[in-house]
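Participant: Please read through the structure below; I'll follow up with questions.
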Amino acid sequence: MPHKLPELPYPYDALEPSIDAQTMEIHHQKHHGGYVSKLNAALEGQGALAELPVEQLLGRLDEVPEQIRTAVRNNGGGHANHSLFWPIMAPRGGGGGGEPTGPLAEAIRRDFGSFATFKERFTQAATGLFGSGWTWLGVRDGKLCVCTTPNQDNPLMGPKYVSCPCRPILGLDVWEHAYYLKYQNRRPDYVAAWWEVVNWARVGENFAAAGGQ
Ligand code: MN3
């Protein structure tokens, strides 16, 4: 099986009270685990395609045979999205919350005016997204951008598949499975609590790896 469910970098209850332990466990084991096993099933017998790291696979969807392309798009996207999502969170007071520092903080000021303006735009995008999907902070043409994708689409899929082709460095899962047990229909409350567990050090590393400056 080429793709594996990554371990969480913290225990299931580490993000309480922003995200409850039961949601984290089901989300990681059942939802993310399901994407991984369905991706592996779709890629069976696909040779070199099956050996690609998932981020590269998403950038080469055109090369994926048509009969498995939707399965690879949905489940490969789900695997990549959640693999980015877990490490950009950390416990409150244990690396989570606060504001970014260093080059990322400077780039946010440059491209959005202030951290507060960025946070407001990202929050509006996340709460305004209809149905299931993701909100992203990404790097595109050397600039930061905020955008959304439906379903499990990932910005790395490129312009043929997504409206915001960029290198994502921060992602927020706004599928109901990410928050419904604790927040029910109150997505804005989930988004507000999520800011308290964003691991800005990790997002800064993603920014550097994406060539941001
Ligand atoms: Mn999810």
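Chain labels follow the order of the structure tokens: the first chain is A, the next B, and so on; residue numbering restarts at 1 in every chain, and ligands are counted from 1 in their shown order.
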Neighbouring residues of Glu55 in chain A were defined as those with any atom within 10 Å, considering only C-alpha atoms; residues of the same chain fewer than 6 positions away were excluded. Please report them as a list in words.
Facilitator: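 Close residues of Glu55 in chain A: Gly76, Gly77, His79, Ala80, Asn81, Asn154, Leu156 and Met157 of chain A.
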Participant: May I have a table of the residues of chain A lying at most 12 Å from ligand 1, giving each one's closest pair of atoms and their distance in Å to one decimal, counting only C-alpha atoms and all ligand atoms, ordered by chain and ascending residue number, as a Markdown table?
Facilitator:
```
| residue | atom | partner | partner_atom_place_in_ligand_line | distance |
| --- | --- | --- | --- | --- |
| A:Thr23 | CA | ligand 1 | 1 (Mn) | 10.0 |
| A:Met24 | CA | ligand 1 | 1 (Mn) | 9.6 |
| A:Glu25 | CA | ligand 1 | 1 (Mn) | 11.3 |
| A:Ile26 | CA | ligand 1 | 1 (Mn) | 9.6 |
| A:His27 | CA | ligand 1 | 1 (Mn) | 6.0 |
| A:His28 | CA | ligand 1 | 1 (Mn) | 7.9 |
| A:Gln29 | CA | ligand 1 | 1 (Mn) | 10.6 |
| A:Lys30 | CA | ligand 1 | 1 (Mn) | 9.7 |
| A:His31 | CA | ligand 1 | 1 (Mn) | 6.3 |
| A:His32 | CA | ligand 1 | 1 (Mn) | 6.7 |
| A:Gly33 | CA | ligand 1 | 1 (Mn) | 10.3 |
| A:Gly34 | CA | ligand 1 | 1 (Mn) | 10.5 |
| A:Tyr35 | CA | ligand 1 | 1 (Mn) | 9.7 |
| A:Asn74 | CA | ligand 1 | 1 (Mn) | 11.8 |
| A:Asn75 | CA | ligand 1 | 1 (Mn) | 11.1 |
| A:Gly77 | CA | ligand 1 | 1 (Mn) | 10.6 |
| A:Gly78 | CA | ligand 1 | 1 (Mn) | 7.3 |
| A:His79 | CA | ligand 1 | 1 (Mn) | 9.3 |
| A:Ala80 | CA | ligand 1 | 1 (Mn) | 10.7 |
| A:Asn81 | CA | ligand 1 | 1 (Mn) | 8.0 |
| A:His82 | CA | ligand 1 | 1 (Mn) | 6.4 |
| A:Ser83 | CA | ligand 1 | 1 (Mn) | 10.1 |
| A:Leu84 | CA | ligand 1 | 1 (Mn) | 11.1 |
| A:Phe85 | CA | ligand 1 | 1 (Mn) | 8.7 |
| A:Trp86 | CA | ligand 1 | 1 (Mn) | 10.1 |
| A:Ser132 | CA | ligand 1 | 1 (Mn) | 9.2 |
| A:Gly133 | CA | ligand 1 | 1 (Mn) | 8.6 |
| A:Trp134 | CA | ligand 1 | 1 (Mn) | 8.9 |
| A:Thr135 | CA | ligand 1 | 1 (Mn) | 11.9 |
| A:Asn151 | CA | ligand 1 | 1 (Mn) | 9.6 |
| A:Gln152 | CA | ligand 1 | 1 (Mn) | 8.4 |
| A:Asp153 | CA | ligand 1 | 1 (Mn) | 11.7 |
| A:Gly171 | CA | ligand 1 | 1 (Mn) | 10.7 |
| A:Leu172 | CA | ligand 1 | 1 (Mn) | 9.0 |
| A:Asp173 | CA | ligand 1 | 1 (Mn) | 5.6 |
| A:Val174 | CA | ligand 1 | 1 (Mn) | 7.5 |
| A:Trp175 | CA | ligand 1 | 1 (Mn) | 5.9 |
| A:Glu176 | CA | ligand 1 | 1 (Mn) | 8.1 |
| A:His177 | CA | ligand 1 | 1 (Mn) | 6.1 |
| A:Ala178 | CA | ligand 1 | 1 (Mn) | 5.4 |
| A:Tyr179 | CA | ligand 1 | 1 (Mn) | 9.2 |
| A:Tyr180 | CA | ligand 1 | 1 (Mn) | 11.3 |
```
Participant: Give me the residues within 8 Å of range 115-128 of chain A as a ChimeraX atom specification, counting only C-alpha atoms and dropping any in the same chain fewer than 4 places off.
Facilitator: /A:99,105,108-109,134-137,146-148,172,174,187-188,191-192
Participant: Go ahead and write the selection's residues with C-alpha atoms as a JSON list (two decimals), in the first residue's frame.
Facilitator:
```
[["chain", "number", "residue", "atom", "x", "y", "z"],
["A", 99, "GLU", "CA", 0.14, 35.34, 15.51],
["A", 105, "ALA", "CA", 4.23, 37.86, 9.38],
["A", 108, "ILE", "CA", 0.88, 38.92, 5.60],
["A", 109, "ARG", "CA", 1.32, 42.63, 6.34],
["A", 134, "TRP", "CA", -11.60, 23.88, 2.44],
["A", 135, "THR", "CA", -10.31, 27.39, 2.99],
["A", 136, "TRP", "CA", -6.66, 28.05, 2.16],
["A", 137, "LEU", "CA", -3.82, 30.45, 2.66],
["A", 146, "VAL", "CA", -6.88, 33.36, 0.52],
["A", 147, "CYS", "CA", -9.15, 31.03, -1.42],
["A", 148, "THR", "CA", -11.52, 28.08, -1.13],
["A", 172, "LEU", "CA", -9.05, 24.77, 7.26],
["A", 174, "VAL", "CA", -15.03, 23.15, 6.93],
["A", 187, "ARG", "CA", -19.54, 26.79, 11.76],
["A", 188, "PRO", "CA", -18.54, 30.37, 12.74],
["A", 191, "VAL", "CA", -13.72, 28.75, 12.93],
["A", 192, "ALA", "CA", -13.30, 31.22, 15.82]]
```
Participant: Measuring between only C-alpha atoms, which one of A:Arg73, A:Val162, A:Ala21, A:Gly97 shows the shortest distance to Leu181 in chain A?
Facilitator: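 Once distances to Leu181 in chain A are computed over only C-alpha atoms, the minimum belongs to A:Ala21.
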Participant: I'd like to know which residues of range 163-204 of chain A are strand (DSSP E) (by DSSP, run on the backbone); could you write them as a ChimeraX atom specification?
Facilitator: /A:167-173
Participant: Env of Gln213 in chain A: 10 Å cut, atoms = only C-alpha atoms, seq-sep filter 4 positions within chain, self excluded. Answer as a ChimeraX atom specification.
Facilitator: /A:102-104,106-107,139,142-144,207-208
Participant: What is the CA of Trp195 in chain A-CA of Arg92 in chain A distance in Å, reported with one decimal?
Facilitator: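 We find that CA of Trp195 in chain A and CA of Arg92 in chain A lie 9.6 Å from each other.
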Participant: Considering only C-alpha atoms, state which residue in the set A:Pro100, A:Asp111, A:Gln22, A:Pro17 is at the smallest distance from Ile88 in chain A.
Facilitator: A:Pro100
Participant: Figure out the distance between CA of Val197 in chain A and CA of Tyr12 in chain A, please, to one decimal in Å.
Facilitator: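 Here the two named atoms are 13.3 Å from each other.
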Participant: Have a look at CA of Gly113 in chain A and CA of Ala90 in chain A and let me know their distance in Å, one decimal.
Facilitator: 26.0 Å
Participant: Under the rule that only C-alpha atoms are counted, which of A:Pro53, A:Pro65, A:Pro2, A:Gly138 is the nearest residue to Ser37 in chain A?
Facilitator: A:Pro2
Participant: Which is closest to Pro9 in chain A among A:Leu170, A:Leu52, A:Met89, A:Ala193, if we use only C-alpha atoms?
Facilitator: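 Looking at the shortest contact to Pro9 in chain A, the residue is A:Met89.
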Participant: Taking the DSSP secondary structure from the backbone, can you list the residues of range 2-189 of chain A that are helix (DSSP H, G or I), as a PyMOL selection string?
Facilitator: chain A and resi 21-42+48-51+54-59+61-63+66-88+102-112+115-128+155-157+176-178+180-183+187-189
Participant: What lies within 12 Å of Gly94 in chain A using only C-alpha atoms, ignoring chain neighbours under 4 positions off, as an MDAnalysis selection string?
Facilitator: chainID A and resid 10 14:16 89:90 98 196:201
Participant: Can you tell me which residues surround Lys160 in chain A at a distance of at most 12 Å, considering only C-alpha atoms, apart from same-chain residues fewer than 6 positions away, and format the answer as a PyMOL selection string?
Facilitator: chain A and resi 58-62+153-154
